[in-house]
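Asks: To start, I am sharing the structure in question, which I have written as structure tokens.
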Amino acid sequence: MAQKKEKFITPVGEAFWAHVHVPKDPFKDANGKTNGEPKYQIDVAFDPADPAWKPWVDKLRADLQALPIQKDRSGEPLKKQSPIKKQLDENDQPTGRLVATFKTGARFKPGVFDRYGQPIPETKLVGNGSKVKVSYTPNAYEGFGGGINFYLNAVQVMELVEYKPSTAQAHGFECETAPASDTNGNNVPAEDNIPW
């Protein structure tokens, strides 16, 4: 019987690029060929000054160090791959925060809950800046020197910043009033409602 993998909960962090209601499309190259499969995914930035950060990251560090050391052909040890990366700003400079990515295949839809444990409907999209905790399962792997990645199980949204699709006005466009529609849904100029 396969051993059941343990689930963990992150400290509160700030969500970015959350695809938790609808999976993220796979990468497409310049020729339109897809690479990979759709995935549910969320990036979360953490503040190392948060008191909850240290015990969480210390456990992760110990788990990484416990993985066997792998060597390249020359006998040099390969660097283990950490699921935690430095967050970079638009100029590729470190912000002082650290980011973890949590993802899972499209067959494993994650739960998305509010701070009271109630499901968040799919009509409310988790936007950048939302404060979240993530339920995840760490997965150790051997390739590329070995490392750990995080499987996404569920997200608890402590403070929702709802994503709203961008509007033309938000981009600075001046917009005219749309023409009225006839009973068939065809646009009809407001000053000319007489059929020809």
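All residue names refer to the structure tokens as shown: chains lettered A, B, ... in order, residues numbered from 1 in each chain, ligands numbered from 1 in order.
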Determine which residues of stretch 2-87 of chain A DSSP labels as strand (DSSP E) from the backbone of this structure, then write them out as an NGL selection string.
Replies: :A and (8-9 or 13-24 or 27-28 or 34-35 or 39-46 or 84-87)
Asks: With a distance cut-off of 12 Å and only C-alpha atoms, select the neighbouring residues of stretch 26-30 of chain A, excluding the residue or stretch itself and same-chain residues fewer than 5 positions from it, and output the selection as a list in words.
Replies: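 In the requested form, the answer reads Asn35, Gly36, Glu37, Pro38, Lys39, Tyr40, Gln41, Gly105 and Ala106 of chain A.
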Asks: Excluding same-chain residues fewer than 4 positions from stretch 74-77 of chain A, what lies within 9 Å of it counting only C-alpha atoms, as a list in words?
Replies: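 The neighbour list is Ile69, Gln70 and Gly145 of chain A.
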Asks: If you take only C-alpha atoms and a cut-off of 10 Å, which residues of stretch 115-159 of chain A touch stretch 80-91 of chain A, and what are their nearest atom pairs and distances in Å to one decimal, in chain and number order, as a tab-separated table?
Replies:
residue	atom	partner	partner_atom	distance
A:Pro138	CA	A:Pro83	CA	9.4
A:Ala140	CA	A:Gln81	CA	9.8
A:Tyr141	CA	A:Gln81	CA	9.3
A:Glu142	CA	A:Lys80	CA	9.2
A:Gly143	CA	A:Gln81	CA	9.3
A:Phe144	CA	A:Gln81	CA	7.6
A:Gly145	CA	A:Lys80	CA	5.2
A:Gly146	CA	A:Lys80	CA	5.2
A:Gly147	CA	A:Gln81	CA	4.3
A:Ile148	CA	A:Ser82	CA	6.0
A:Asn149	CA	A:Pro83	CA	5.3
A:Phe150	CA	A:Pro83	CA	7.1
Asks: Grab the residues selected above and save them as a tab-separated table (two decimals), in the first residue's frame with N, CA, C and O atoms.
Replies:
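File out24.tsv, as written:
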chain	number	residue	atom	x	y	z
A	138	PRO	N	4.58	18.42	0.29
A	138	PRO	CA	5.92	18.48	-0.30
A	138	PRO	C	6.23	17.19	-1.04
A	138	PRO	O	5.82	16.11	-0.63
A	140	ALA	N	9.53	15.22	-2.72
A	140	ALA	CA	10.97	15.13	-2.99
A	140	ALA	C	11.18	14.42	-4.32
A	140	ALA	O	10.48	13.47	-4.65
A	141	TYR	N	12.14	14.90	-5.11
A	141	TYR	CA	12.45	14.27	-6.39
A	141	TYR	C	13.96	14.17	-6.54
A	141	TYR	O	14.72	14.84	-5.85
A	142	GLU	N	14.39	13.32	-7.47
A	142	GLU	CA	15.82	13.02	-7.62
A	142	GLU	C	16.48	13.75	-8.79
A	142	GLU	O	17.68	13.99	-8.76
A	143	GLY	N	15.74	14.10	-9.81
A	143	GLY	CA	16.34	14.72	-11.00
A	143	GLY	C	16.96	16.08	-10.71
A	143	GLY	O	16.61	16.74	-9.74
A	144	PHE	N	17.89	16.48	-11.57
A	144	PHE	CA	18.54	17.80	-11.51
A	144	PHE	C	19.24	18.05	-10.18
A	144	PHE	O	19.27	19.15	-9.67
A	145	GLY	N	19.78	17.02	-9.57
A	145	GLY	CA	20.46	17.17	-8.29
A	145	GLY	C	19.57	16.91	-7.10
A	145	GLY	O	20.02	16.92	-5.96
A	146	GLY	N	18.30	16.69	-7.35
A	146	GLY	CA	17.35	16.44	-6.27
A	146	GLY	C	16.78	17.74	-5.72
A	146	GLY	O	17.37	18.81	-5.84
A	147	GLY	N	15.62	17.64	-5.14
A	147	GLY	CA	14.98	18.82	-4.57
A	147	GLY	C	13.59	18.51	-4.08
A	147	GLY	O	13.19	17.35	-3.96
A	148	ILE	N	12.87	19.56	-3.79
A	148	ILE	CA	11.50	19.46	-3.29
A	148	ILE	C	10.64	20.44	-4.07
A	148	ILE	O	11.05	21.58	-4.34
A	149	ASN	N	9.45	20.00	-4.45
A	149	ASN	CA	8.45	20.93	-4.97
A	149	ASN	C	7.17	20.77	-4.16
A	149	ASN	O	7.06	19.86	-3.34
A	150	PHE	N	6.23	21.68	-4.36
A	150	PHE	CA	5.02	21.73	-3.54
A	150	PHE	C	3.79	21.43	-4.39
A	150	PHE	O	3.51	22.15	-5.34
Asks: Go ahead and compute the interatomic distance for atom CA of A:Asp72 and atom CA of A:Asp92, in Å to one decimal.
Replies: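 Between these atoms lies a distance of 29.6 Å.
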Asks: For the interface of stretch 10-102 of chain A with stretch 111-132 of chain A (cut-off 10 Å, counting only C-alpha atoms), please tabulate each contacting residue of stretch 10-102 of chain A alongside its nearest pair of atoms and their separation in Å to one decimal, rows sorted by chain and increasing number, as CSV.
Replies:
residue,atom,partner,partner_atom,distance
A:Thr10,CA,A:Val132,CA,8.7
A:Pro11,CA,A:Val132,CA,8.2
A:Val12,CA,A:Val132,CA,5.3
A:Gly13,CA,A:Val132,CA,5.5
A:Glu14,CA,A:Lys131,CA,4.8
A:Ala15,CA,A:Ser130,CA,5.3
A:Phe16,CA,A:Asn128,CA,4.5
A:Trp17,CA,A:Asn128,CA,6.4
A:Ala18,CA,A:Val126,CA,6.2
A:His19,CA,A:Val126,CA,8.0
A:Val20,CA,A:Val112,CA,7.2
A:His21,CA,A:Glu122,CA,5.8
A:Val22,CA,A:Glu122,CA,8.3
A:Ile42,CA,A:Val126,CA,9.7
A:Asp43,CA,A:Asn128,CA,9.5
A:Val44,CA,A:Val132,CA,7.9
A:Ala45,CA,A:Gly129,CA,9.3
Asks: Include C-alpha atoms and write out the residues we just selected as a PDB file, in the first residue's frame.
Replies:
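As written to disk, again_19.pdb reads:
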ATOM      1  CA  THR A  10       2.131  27.756   5.019  1.00  0.00           C
ATOM      2  CA  PRO A  11       2.301  30.976   7.013  1.00  0.00           C
ATOM      3  CA  VAL A  12       0.208  33.837   5.599  1.00  0.00           C
ATOM      4  CA  GLY A  13       1.690  35.239   2.405  1.00  0.00           C
ATOM      5  CA  GLU A  14       0.711  37.451  -0.500  1.00  0.00           C
ATOM      6  CA  ALA A  15      -0.793  35.752  -3.550  1.00  0.00           C
ATOM      7  CA  PHE A  16       0.348  36.393  -7.118  1.00  0.00           C
ATOM      8  CA  TRP A  17      -0.845  34.877 -10.385  1.00  0.00           C
ATOM      9  CA  ALA A  18      -3.444  32.675  -8.719  1.00  0.00           C
ATOM     10  CA  HIS A  19      -4.994  30.066 -11.005  1.00  0.00           C
ATOM     11  CA  VAL A  20      -7.016  28.282  -8.331  1.00  0.00           C
ATOM     12  CA  HIS A  21     -10.511  28.233  -9.881  1.00  0.00           C
ATOM     13  CA  VAL A  22      -9.437  27.647 -13.499  1.00  0.00           C
ATOM     14  CA  ILE A  42      -0.448  29.978  -7.151  1.00  0.00           C
ATOM     15  CA  ASP A  43       2.712  31.927  -6.325  1.00  0.00           C
ATOM     16  CA  VAL A  44       2.937  33.211  -2.753  1.00  0.00           C
ATOM     17  CA  ALA A  45       5.418  35.818  -1.484  1.00  0.00           C
TER      18      ALA A  45
END
Asks: Tell me, as a list in words, which residues lie within 7 Å of A:Ala154, counting only C-alpha atoms; anything in the same chain fewer than 2 positions away does not count.
Replies: Pro110, Gly111, Val112, Val134, Ser135, Leu152 and Gln156 of chain A
Asks: Out of stretch 11-191 of chain A, which residues get alpha helix (DSSP H) from DSSP, as number ranges by chain?
Replies: A: 53-66
Asks: What is the atom CA of A:Gly96-atom CA of A:Lys54 distance in Å, reported with one decimal?
Replies: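 Straight-line distance from atom CA of A:Gly96 to atom CA of A:Lys54 works out to 14.6 Å.
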